[in-house]
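Chemist: If it helps, the file is called data.cif and holds mmCIF, C-alpha atoms and all ligand atoms:
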```
data_coords
#
loop_
_atom_site.label_atom_id
_atom_site.label_comp_id
_atom_site.auth_asym_id
_atom_site.auth_seq_id
_atom_site.Cartn_x
_atom_site.Cartn_y
_atom_site.Cartn_z
CA MET A 1 34.74 35.91 68.32
CA VAL A 2 33.37 39.22 69.43
CA SER A 3 33.98 42.09 67.11
CA VAL A 4 32.87 45.51 68.18
CA THR A 5 32.51 48.30 65.69
CA ALA A 6 34.05 51.61 66.57
CA SER A 7 30.95 53.55 65.57
CA ARG A 8 28.92 51.79 68.19
CA HIS A 9 31.46 52.31 70.97
CA ASP A 10 33.31 55.44 69.93
CA LYS A 11 33.01 56.90 73.42
CA MET A 12 34.64 53.89 74.93
CA ASN A 13 36.32 54.43 78.28
CA VAL A 14 37.90 52.16 80.86
CA ILE A 15 34.59 51.32 82.50
CA ASP A 16 33.06 50.41 79.16
CA VAL A 17 35.91 48.08 78.37
CA VAL A 18 35.56 46.28 81.70
CA CYS A 19 31.83 45.93 81.10
CA LEU A 20 32.38 44.70 77.57
CA CYS A 21 34.89 42.11 78.68
CA SER A 22 32.57 40.68 81.29
CA CYS A 23 29.64 40.73 78.85
CA PHE A 24 31.78 39.02 76.27
CA ARG A 25 32.76 36.26 78.66
CA PHE A 26 29.21 35.86 79.81
CA THR A 27 27.64 35.64 76.39
CA THR A 28 30.32 33.40 74.92
CA GLU A 29 29.77 30.86 77.61
CA ALA A 30 26.04 31.14 77.17
CA ILE A 31 26.12 30.08 73.54
CA ARG A 32 26.43 26.40 73.00
CA VAL A 33 25.71 23.70 70.50
CA VAL A 34 23.23 21.45 72.15
CA ASN A 35 23.72 18.26 70.14
CA GLY A 36 27.46 18.32 69.66
CA PRO A 37 28.92 16.69 66.56
CA VAL A 38 26.34 15.33 64.16
CA SER A 39 26.63 12.10 62.18
CA VAL A 40 24.17 11.23 59.49
CA THR A 41 23.89 8.53 56.87
CA GLU A 42 23.88 9.68 53.29
CA GLY A 43 20.33 10.42 52.18
CA GLY A 44 19.18 11.15 55.74
CA SER A 45 18.52 14.49 57.41
CA ALA A 46 20.92 16.28 59.70
CA ASN A 47 19.68 18.48 62.51
CA LEU A 48 22.24 21.12 63.39
CA SER A 49 21.32 22.64 66.70
CA CYS A 50 22.39 26.01 67.91
CA ARG A 51 21.08 27.70 71.01
CA LEU A 52 21.83 30.94 72.79
CA THR A 53 21.06 31.00 76.48
CA GLU A 54 20.78 33.56 79.21
CA THR A 55 20.97 36.84 77.39
CA ASP A 56 18.58 39.75 77.19
CA GLU A 57 20.30 41.38 74.26
CA ASP A 58 18.46 41.86 71.01
CA LEU A 59 18.99 39.19 68.39
CA GLU A 60 19.73 40.81 65.06
CA GLN A 61 20.30 37.72 62.96
CA VAL A 62 21.42 34.11 62.89
CA THR A 63 23.93 33.23 60.19
CA TRP A 64 25.05 29.77 59.20
CA GLN A 65 28.37 29.26 57.51
CA LYS A 66 30.09 26.12 56.38
CA ARG A 67 33.35 24.87 55.04
CA THR A 68 33.53 21.58 53.22
CA ARG A 69 36.07 19.62 51.22
CA GLY A 70 34.70 21.23 48.05
CA ILE A 71 34.83 24.80 49.42
CA PRO A 72 37.33 24.88 52.32
CA ASP A 73 36.72 28.55 53.24
CA ASN A 74 33.90 29.57 55.53
CA HIS A 75 31.03 30.98 53.56
CA ASN A 76 27.47 31.95 54.45
CA PHE A 77 24.74 29.68 53.21
CA PHE A 78 21.74 30.46 55.39
CA VAL A 79 20.58 33.61 57.17
CA ILE A 80 17.64 34.01 59.52
CA LEU A 81 16.39 37.50 60.35
CA PRO A 82 13.79 38.24 63.01
CA PRO A 83 10.90 37.96 63.16
CA ARG A 84 10.77 35.14 60.55
CA ASP A 85 12.68 36.07 57.46
CA VAL A 86 14.68 33.12 56.20
CA ARG A 87 17.21 33.58 53.43
CA ASN A 88 18.97 30.87 51.60
CA VAL A 89 22.17 32.57 50.61
CA ASN A 90 23.74 30.02 48.34
CA GLY A 91 24.12 26.37 47.77
CA LEU A 92 21.65 24.16 49.54
CA GLY A 93 18.39 25.47 48.08
CA ASN A 94 15.32 23.65 49.37
CA ARG A 95 17.42 21.13 51.24
CA VAL A 96 17.90 23.38 54.26
CA ARG A 97 15.16 24.65 56.52
CA PHE A 98 14.94 26.56 59.73
CA ILE A 99 13.70 24.41 62.61
CA GLY A 100 14.58 26.82 65.41
CA ASN A 101 12.62 29.56 67.14
CA LEU A 102 14.05 33.04 67.37
CA THR A 103 11.98 34.03 70.44
CA MET A 104 13.47 31.01 72.20
CA LYS A 105 16.87 32.03 70.80
CA THR A 106 17.41 28.80 68.92
CA GLY A 107 18.80 28.95 65.41
CA SER A 108 18.71 25.25 64.56
CA ILE A 109 18.48 24.09 60.97
CA GLN A 110 17.80 20.83 59.21
CA ILE A 111 19.57 19.70 56.08
CA LEU A 112 17.63 17.14 54.05
CA ASN A 113 18.95 14.38 51.80
CA VAL A 114 22.50 14.80 53.03
CA SER A 115 25.28 13.84 50.63
CA LEU A 116 29.02 13.48 51.04
CA HIS A 117 29.45 17.04 49.74
CA ASP A 118 27.68 18.30 52.86
CA GLU A 119 30.30 16.91 55.21
CA GLY A 120 32.30 19.62 56.92
CA VAL A 121 32.26 22.22 59.68
CA TYR A 122 29.16 24.32 60.23
CA THR A 123 29.31 27.59 62.09
CA CYS A 124 26.29 29.10 63.74
CA ILE A 125 26.63 32.86 64.40
CA PHE A 126 24.21 34.78 66.61
CA THR A 127 24.54 38.49 66.02
CA LEU A 128 23.38 40.42 69.09
CA PHE A 129 22.98 44.07 69.87
CA PRO A 130 25.06 45.54 71.34
CA SER A 131 27.65 42.80 71.91
CA GLY A 132 27.94 41.67 68.29
CA PRO A 133 28.46 38.19 66.86
CA HIS A 134 28.88 35.02 68.91
CA GLN A 135 29.63 31.82 67.13
CA THR A 136 30.17 28.15 67.61
CA GLU A 137 31.09 25.28 65.33
CA THR A 138 29.54 21.88 64.70
CA ARG A 139 31.13 19.12 62.69
CA LEU A 140 28.83 17.23 60.36
CA THR A 141 30.05 13.73 59.48
CA VAL A 142 28.39 11.84 56.66
CA HIS A 143 28.38 8.07 56.69
CA VAL A 144 27.87 6.08 53.54
CA ARG A 145 26.46 2.58 53.74
CA PRO A 146 28.66 0.08 51.90
CA VAL A 147 27.20 -2.13 49.19
CA VAL A 148 28.04 -5.73 50.05
CA THR A 149 28.44 -8.48 47.47
CA VAL A 150 30.13 -11.86 47.47
CA THR A 151 31.70 -12.96 44.25
CA PRO A 152 32.75 -16.56 43.76
CA ALA A 153 36.24 -17.28 42.53
CA ALA A 154 36.82 -19.96 39.89
CA PRO A 155 35.87 -23.22 41.66
CA LEU A 156 38.73 -24.88 43.50
CA VAL A 157 39.65 -28.42 42.54
CA VAL A 158 40.02 -30.94 45.35
CA GLY A 159 43.62 -32.00 45.76
CA GLY A 160 45.01 -28.68 44.57
CA GLU A 161 46.74 -25.91 46.48
CA SER A 162 45.11 -23.42 48.82
CA GLY A 163 43.28 -20.77 46.84
CA ILE A 164 40.64 -18.06 46.94
CA LEU A 165 37.22 -19.53 47.56
CA ALA A 166 35.25 -16.28 47.37
CA THR A 167 35.68 -12.53 47.68
CA CYS A 168 33.45 -10.34 49.78
CA ILE A 169 33.30 -6.72 48.68
CA ALA A 170 31.97 -3.91 50.86
CA ALA A 171 32.03 -1.14 48.29
CA ASN A 172 32.01 2.64 48.76
CA GLY A 173 31.55 2.75 52.51
CA ARG A 174 32.41 5.70 54.72
CA PRO A 175 34.09 5.03 57.02
CA ALA A 176 35.61 1.77 55.79
CA ALA A 177 33.49 -1.30 56.60
CA VAL A 178 34.82 -4.07 58.84
CA VAL A 179 34.64 -7.30 56.86
CA SER A 180 35.16 -10.84 58.11
CA TRP A 181 33.96 -14.38 57.37
CA ARG A 182 32.03 -16.94 59.38
CA THR A 183 33.39 -20.35 58.48
CA ASP A 184 32.24 -22.64 61.28
CA GLN A 185 30.86 -25.17 58.77
CA LEU A 186 34.37 -25.83 57.48
CA ASP A 187 36.71 -28.22 59.29
CA GLY A 188 39.95 -27.31 57.58
CA PRO A 189 42.08 -24.21 58.08
CA THR A 190 41.02 -20.99 56.42
CA GLU A 191 42.80 -17.74 55.80
CA ILE A 192 41.36 -14.26 55.34
CA GLN A 193 43.12 -11.47 53.49
CA ASN A 194 41.68 -7.97 53.53
CA ASN A 195 42.54 -5.09 51.30
CA ALA A 196 41.12 -1.57 51.34
CA THR A 197 41.06 0.95 48.51
CA GLN A 198 40.37 4.65 48.96
CA ASN A 199 38.00 6.08 46.40
CA PRO A 200 38.35 9.68 45.14
CA ASN A 201 35.03 10.70 46.75
CA GLY A 202 36.28 9.82 50.22
CA THR A 203 34.67 6.38 50.49
CA THR A 204 36.55 3.13 50.92
CA THR A 205 36.06 -0.22 49.23
CA VAL A 206 37.12 -3.22 51.30
CA ARG A 207 37.80 -6.58 49.67
CA SER A 208 38.05 -9.66 51.83
CA TYR A 209 39.41 -12.86 50.32
CA LEU A 210 38.63 -16.22 51.88
CA LEU A 211 41.37 -18.76 51.16
CA VAL A 212 41.04 -22.50 51.79
CA THR A 213 42.55 -25.79 50.79
CA SER A 214 39.52 -27.46 49.32
CA THR A 215 38.24 -30.84 50.38
CA ARG A 216 35.34 -32.80 48.98
CA SER A 217 33.36 -32.41 52.21
CA MET A 218 33.34 -28.63 51.73
CA ASN A 219 31.14 -28.91 48.68
CA GLY A 220 27.64 -27.59 49.40
CA ARG A 221 28.61 -26.11 52.77
CA GLU A 222 27.93 -22.47 53.50
CA VAL A 223 30.16 -19.65 54.63
CA GLN A 224 29.03 -16.12 55.41
CA CYS A 225 30.59 -12.78 54.80
CA VAL A 226 29.99 -10.59 57.85
CA VAL A 227 30.06 -6.82 57.43
CA ASN A 228 29.91 -4.31 60.26
CA HIS A 229 29.47 -0.65 59.57
CA THR A 230 28.32 2.34 61.56
CA ALA A 231 25.59 3.10 59.00
CA LEU A 232 24.16 -0.43 59.27
CA GLU A 233 21.64 -1.13 62.00
CA HIS A 234 22.74 -4.76 62.27
CA GLU A 235 25.73 -6.57 60.92
CA GLU A 236 25.11 -7.70 57.38
CA ASN A 237 25.49 -11.38 56.54
CA VAL A 238 25.83 -12.56 52.99
CA PRO A 239 25.77 -16.34 52.66
CA TYR A 240 27.82 -18.12 50.06
CA ARG A 241 27.40 -21.78 49.16
CA ILE A 242 30.68 -23.46 48.40
CA SER A 243 31.23 -25.38 45.22
CA VAL A 244 34.46 -27.31 44.85
CA HIS A 245 35.19 -29.49 41.86
CA TYR A 246 36.17 -33.14 41.99
CA ALA A 247 36.20 -36.26 39.84
CA PRO A 248 33.30 -38.75 40.09
CA GLN A 249 33.49 -40.86 43.24
CA SER A 250 32.52 -44.53 43.76
CA GLY A 251 29.82 -45.42 41.26
CA ASN A 252 26.72 -47.33 42.16
CA ILE A 253 23.92 -48.68 39.99
CA SER A 254 20.51 -48.62 41.55
CA LEU A 255 17.12 -49.87 40.46
CA ASN A 256 14.27 -47.51 39.71
CA GLY A 257 10.72 -48.46 38.80
CA THR A 258 8.25 -50.98 40.19
CA SER A 259 8.29 -54.75 39.77
CA SER A 260 5.31 -54.71 37.40
CA GLU A 261 7.11 -52.52 34.89
CA ALA A 262 10.32 -52.98 33.06
CA PRO A 263 13.09 -51.72 35.37
CA VAL A 264 15.31 -48.71 34.89
CA PHE A 265 18.85 -48.72 36.17
CA GLN A 266 20.30 -45.51 37.45
CA CYS A 267 24.02 -44.81 37.55
CA ASP A 268 24.60 -42.89 40.77
CA VAL A 269 27.90 -41.15 41.32
CA ASP A 270 29.03 -38.27 43.46
CA ALA A 271 30.74 -35.73 41.23
CA ASN A 272 31.05 -31.96 40.85
CA PRO A 273 30.32 -30.87 38.24
CA ALA A 274 27.80 -33.62 37.43
CA PRO A 275 29.16 -36.24 35.02
CA THR A 276 29.11 -35.04 31.47
CA ARG A 277 29.28 -38.53 29.98
CA TYR A 278 27.92 -41.94 30.91
CA THR A 279 28.88 -45.13 29.11
CA TRP A 280 26.80 -48.27 29.67
CA SER A 281 28.24 -51.64 28.81
CA ARG A 282 27.99 -55.36 29.53
CA VAL A 283 31.05 -56.90 31.10
CA ASP A 284 30.09 -60.36 29.88
CA SER A 285 29.04 -59.43 26.39
CA GLU A 286 30.08 -57.22 23.55
CA VAL A 287 26.71 -55.59 23.08
CA LEU A 288 24.03 -54.26 25.35
CA GLY A 289 21.21 -55.92 23.45
CA PRO A 290 18.28 -54.50 21.51
CA SER A 291 15.87 -54.34 24.46
CA LEU A 292 18.05 -51.90 26.39
CA ARG A 293 18.23 -48.20 25.80
CA PRO A 294 20.84 -46.02 27.52
CA GLU A 295 19.58 -42.52 28.34
CA GLY A 296 22.45 -40.66 29.98
CA GLY A 297 22.71 -41.88 33.55
CA ARG A 298 19.75 -44.24 33.04
CA LEU A 299 19.54 -47.61 31.38
CA VAL A 300 15.98 -48.40 30.35
CA PHE A 301 14.88 -52.02 29.96
CA LEU A 302 12.33 -51.95 27.19
CA LYS A 303 11.05 -55.41 28.17
CA ARG A 304 11.93 -58.19 30.53
CA ASP A 305 13.60 -61.17 29.07
CA PRO A 306 15.97 -63.74 30.55
CA GLY A 307 18.62 -62.77 28.00
CA LEU A 308 19.10 -59.60 29.99
CA ASN A 309 20.85 -61.49 32.77
CA GLY A 310 24.45 -60.42 33.10
CA LEU A 311 26.97 -58.04 34.56
CA TYR A 312 26.37 -54.39 33.71
CA ALA A 313 28.77 -51.49 34.05
CA CYS A 314 28.34 -47.76 33.86
CA GLU A 315 31.24 -45.40 33.54
CA ALA A 316 30.68 -41.79 34.52
CA SER A 317 33.13 -39.02 33.78
CA ASN A 318 33.61 -35.29 34.11
CA GLN A 319 36.65 -33.21 33.20
CA PHE A 320 38.48 -34.32 36.35
CA GLY A 321 38.19 -38.09 36.03
CA ARG A 322 35.95 -41.10 35.77
CA VAL A 323 34.56 -43.94 37.82
CA THR A 324 32.88 -47.25 36.96
CA GLY A 325 30.03 -48.96 38.79
CA THR A 326 28.78 -52.50 38.14
CA LEU A 327 25.63 -54.47 38.82
CA PHE A 328 24.87 -58.12 38.31
CA VAL A 329 21.37 -58.68 36.97
CA TYR A 330 19.70 -62.03 37.32
CA THR A 331 16.07 -62.79 36.79
CA ASP A 332 14.78 -66.34 36.30
CA ASP A 333 11.15 -65.65 35.54
CA THR A 334 9.02 -63.28 33.67
CA ARG A 335 5.93 -63.93 35.75
CA GLY A 336 6.10 -60.58 37.35
CA TYR A 337 5.64 -59.11 33.93
CA TYR A 338 3.17 -61.54 32.32
CA GLY A 339 1.48 -62.49 35.58
CA GLY A 340 -0.39 -59.25 35.70
CA LEU A 341 -1.75 -59.76 32.19
CA ILE A 342 -2.89 -63.33 32.96
CA ALA A 343 -4.63 -62.17 36.11
CA ALA A 344 -6.43 -59.45 34.18
CA ILE A 345 -7.66 -61.94 31.55
CA PHE A 346 -8.78 -64.33 34.32
CA VAL A 347 -10.80 -61.61 36.04
CA LEU A 348 -12.38 -60.60 32.75
CA LEU A 349 -13.33 -64.22 31.89
CA SER A 350 -14.84 -64.83 35.36
CA ALA A 351 -16.90 -61.67 35.05
CA LEU A 352 -18.21 -62.82 31.65
CA CYS A 353 -19.07 -66.31 33.02
CA LEU A 354 -20.94 -64.83 35.94
CA LEU A 355 -22.88 -62.49 33.72
CA SER A 356 -23.92 -65.20 31.26
CA PHE A 357 -24.89 -67.53 34.12
CA TYR A 358 -26.97 -64.78 35.63
CA THR A 359 -28.84 -63.92 32.42
CA TRP A 360 -29.32 -67.60 31.64
CA ASN A 361 -30.74 -68.20 35.10
CA LEU A 362 -32.92 -65.15 34.84
CA ARG A 363 -34.51 -66.40 31.67
CA ARG A 364 -34.98 -69.91 33.11
CA SER A 365 -36.45 -68.66 36.39
CA ARG A 366 -39.35 -67.02 34.76
CA PRO A 367 -41.91 -67.35 36.10
CA GLN A 368 -41.13 -69.44 39.23
CA GLN A 369 -37.82 -71.33 39.08
CA GLY A 370 -34.29 -70.46 40.25
CA ASP A 371 -32.58 -69.65 43.50
CA VAL A 372 -33.86 -67.32 46.13
CA GLY A 373 -32.32 -64.20 44.61
CA MET A 374 -33.83 -65.02 41.27
CA GLN A 375 -37.19 -65.76 42.79
CA ALA A 376 -37.21 -62.42 44.49
CA LEU A 377 -36.42 -60.80 41.20
CA GLY A 378 -39.12 -62.82 39.50
CA GLN A 379 -41.69 -61.81 42.03
CA GLN A 380 -40.91 -58.19 41.63
CA GLU A 381 -41.27 -58.52 37.91
CA SER A 382 -44.57 -60.43 37.93
C1 LIG A 401 19.01 13.15 47.13
O1 LIG A 401 20.20 13.60 46.54
C2 LIG A 401 20.68 12.80 45.50
C3 LIG A 401 21.98 13.41 45.04
O2 LIG A 401 22.82 13.61 46.11
C4 LIG A 401 19.66 12.77 44.37
O3 LIG A 401 20.11 11.91 43.36
C5 LIG A 401 18.34 12.26 44.92
O4 LIG A 401 17.38 12.30 43.91
C6 LIG A 401 17.89 13.10 46.10
N1 LIG A 401 16.71 12.51 46.68
C7 LIG A 401 15.66 13.22 47.02
C8 LIG A 401 14.53 12.46 47.63
O5 LIG A 401 15.58 14.42 46.83
#
```
Take the structure I supplied and represent it as structure tokens, if you would.
Modeler:
Amino acid sequence: MVSVTASRHDKMNVIDVVCLCSCFRFTTEAIRVVNGPVSVTEGGSANLSCRLTETDEDLEQVTWQKRTRGIPDNHNFFVILPPRDVRNVNGLGNRVRFIGNLTMKTGSIQILNVSLHDEGVYTCIFTLFPSGPHQTETRLTVHVRPVVTVTPAAPLVVGGESGILATCIAANGRPAAVVSWRTDQLDGPTEIQNNATQNPNGTTTVRSYLLVTSTRSMNGREVQCVVNHTALEHEENVPYRISVHYAPQSGNISLNGTSSEAPVFQCDVDANPAPTRYTWSRVDSEVLGPSLRPEGGRLVFLKRDPGLNGLYACEASNQFGRVTGTLFVYTDDTRGYYGGLIAAIFVLLSALCLLSFYTWNLRRSRPQQGDVGMQALGQQES
């Protein structure tokens, strides 16, 4: 508002008052905040613009005041005196600087590294001569980016009731973040429950719970927590891979290893968590036999032998249950195993025969007998 000191206008008459009123109206309308309300993300810089237009009066000083949650009364914090004297009155220290131009009648300032404490109403006051102070207010809003995390709940067990699969937390955002889930990889129904908590510093923590009735097919699928917030350039997606627990499913014994080696049987079951115990046994015999060694989910055949023929079983269990798989093993020969050895000996013997024949022939051919190859050799040597 305009305040006029009596000393300056002690000879005030009717004409003066009329003039003052029109000047007052004129100059008030001429002052405006160019940028309007300012929003800035915590840690960023806020440009507070203030411009005086269309006046020829002398500018005596520009004063900035503010009121915040911490100090709710207007108080000066920055004063600019022509031609270029800048005074930091209290509070912001090096974080505020003058970015205006007094000849252009702009009094804009920049506040660096803005924090939540800076949020409030800023008043820019141009003090002119003779009309006095003219002021306008700007609201500075500070946004705080939320910190997003997804925390898994205790794994759900297939066959149980609907429960919390995971919780997405968008912590300490200002304003409150908008949190949802993307669950298109899940076939079953899902439910989302959101809950917001106000923090003493003015930020809000939003918790979003994703509830499902777990099925085995959910295991390994992915859901995403989706967070939208004004301080985020793009929506934030945090993926979460689902783990649901279930007992071992249909067991299956498979063969590992090549035919030339002793085979290894593998007990394959689908279970989550992985089976903690495997028990190998023979259905048709009390004992496994000395040439077999169980190693967890593997059964290693130390050597082939026809006595291994029989019906094998593996039982796999975790804390939720167990399953048994069987395999009938029948092998009527051990050639695959010994055959390789015999072939190797045969090759070795043939090589030896050939070599001895060759040396014998070489000796005999000297100087002129033997086959063509030997003759050629003999000629070279003679
Ligand atoms: C910004 O301000 C915070 C406190 O609000 C401070 O911890 C941080 O060091 C400052 N950063 C810079 C670059 O001055």
Chemist: Dig up all the protein and nucleic acid residues within 9 Å of (27.0, -42.0, 33.9) in the file frame, using only C-alpha atoms, and format them as a ChimeraX atom specification.
Modeler: /A:251,266-269,275-280,296-298,314-317,323-324
Chemist: Mind dumping the selected residues with C-alpha atoms as a PDB file, in the coordinates of the input?
Modeler:
```pdb
ATOM      1  CA  GLY A 251      29.820 -45.420  41.260  1.00  0.00           C
ATOM      2  CA  GLN A 266      20.300 -45.510  37.450  1.00  0.00           C
ATOM      3  CA  CYS A 267      24.020 -44.810  37.550  1.00  0.00           C
ATOM      4  CA  ASP A 268      24.600 -42.890  40.770  1.00  0.00           C
ATOM      5  CA  VAL A 269      27.900 -41.150  41.320  1.00  0.00           C
ATOM      6  CA  PRO A 275      29.160 -36.240  35.020  1.00  0.00           C
ATOM      7  CA  THR A 276      29.110 -35.040  31.470  1.00  0.00           C
ATOM      8  CA  ARG A 277      29.280 -38.530  29.980  1.00  0.00           C
ATOM      9  CA  TYR A 278      27.920 -41.940  30.910  1.00  0.00           C
ATOM     10  CA  THR A 279      28.880 -45.130  29.110  1.00  0.00           C
ATOM     11  CA  TRP A 280      26.800 -48.270  29.670  1.00  0.00           C
ATOM     12  CA  GLY A 296      22.450 -40.660  29.980  1.00  0.00           C
ATOM     13  CA  GLY A 297      22.710 -41.880  33.550  1.00  0.00           C
ATOM     14  CA  ARG A 298      19.750 -44.240  33.040  1.00  0.00           C
ATOM     15  CA  CYS A 314      28.340 -47.760  33.860  1.00  0.00           C
ATOM     16  CA  GLU A 315      31.240 -45.400  33.540  1.00  0.00           C
ATOM     17  CA  ALA A 316      30.680 -41.790  34.520  1.00  0.00           C
ATOM     18  CA  SER A 317      33.130 -39.020  33.780  1.00  0.00           C
ATOM     19  CA  VAL A 323      34.560 -43.940  37.820  1.00  0.00           C
ATOM     20  CA  THR A 324      32.880 -47.250  36.960  1.00  0.00           C
TER      21      THR A 324
END
```
Chemist: So, with only C-alpha atoms and all ligand atoms as the atoms that count, which of A:Gly93, A:Pro37, A:Gly132, A:Gly325 lies closest to ligand LIG 401 (chain A)?
Modeler: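 Of A:Gly93, A:Pro37, A:Gly132, A:Gly325, the one nearest ligand LIG 401 (chain A), counting only C-alpha atoms and all ligand atoms, is A:Gly93.
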Chemist: One decimal, in Å: what's the spacing between CA of Ser131 in chain A and CA of Phe77 in chain A?
Modeler: 23.0 Å
Chemist: Output the neighbourhood of ligand LIG 401 (chain A) as a list in words, that is, all protein and nucleic acid residues with some atom at most 12 Å from the ligand, counting all atoms listed in the file.
Modeler: Thr41, Glu42, Gly43, Gly44, Ser45, Leu92, Gly93, Asn94, Arg95, Val96, Ile111, Leu112, Asn113, Val114, Ser115, Leu116, His117, Asp118 and Val144 of chain A
Chemist: A:Cys225, A:Leu210, A:Leu81, A:Ile253: which is nearest Tyr312 in chain A, counting only C-alpha atoms?
Modeler: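 Checking each of A:Cys225, A:Leu210, A:Leu81, A:Ile253 against Tyr312 in chain A, counting only C-alpha atoms, the winner is A:Ile253.
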Chemist: Show which residues sit within 12 Å of Gly70 in chain A, as a PDB file with C-alpha atoms, keeping the file's coordinate frame. Count only C-alpha atoms, and ignore same-chain residues fewer than 4 positions away.
Modeler:
```pdb
ATOM      1  CA  LYS A  66      30.090  26.120  56.380  1.00  0.00           C
ATOM      2  CA  ASN A  74      33.900  29.570  55.530  1.00  0.00           C
ATOM      3  CA  HIS A  75      31.030  30.980  53.560  1.00  0.00           C
ATOM      4  CA  GLY A  91      24.120  26.370  47.770  1.00  0.00           C
ATOM      5  CA  LEU A 116      29.020  13.480  51.040  1.00  0.00           C
ATOM      6  CA  HIS A 117      29.450  17.040  49.740  1.00  0.00           C
ATOM      7  CA  ASP A 118      27.680  18.300  52.860  1.00  0.00           C
ATOM      8  CA  GLU A 119      30.300  16.910  55.210  1.00  0.00           C
ATOM      9  CA  GLY A 120      32.300  19.620  56.920  1.00  0.00           C
ATOM     10  CA  VAL A 121      32.260  22.220  59.680  1.00  0.00           C
ATOM     11  CA  ASN A 201      35.030  10.700  46.750  1.00  0.00           C
ATOM     12  CA  GLY A 202      36.280   9.820  50.220  1.00  0.00           C
TER      13      GLY A 202
END
```
Chemist: Taking 4 positions as the minimum chain separation for residues in the same chain, which residues sit within 10 Å of Gly307 in chain A when counting all atoms listed in the file? Answer as a list in words.
Modeler: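 The residues that qualify are Gly289, Ser291, Tyr330, Thr331 and Asp332 of chain A.
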Chemist: For CA of Gln65 in chain A and CA of Thr123 in chain A, determine how far apart the two atoms are, in Å to one decimal place.
Modeler: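 Computing the Euclidean distance for CA of Gln65 in chain A and CA of Thr123 in chain A yields 5.0 Å.
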Chemist: Counting all atoms listed in the file, which residues have an atom no more than 10 Å from (37.2, -24.2, 43.8) in the file's coordinates? Please list them as a PyMOL selection string.
Modeler: chain A and resi 152-158+160+162-166+212-215+218-219+242-246
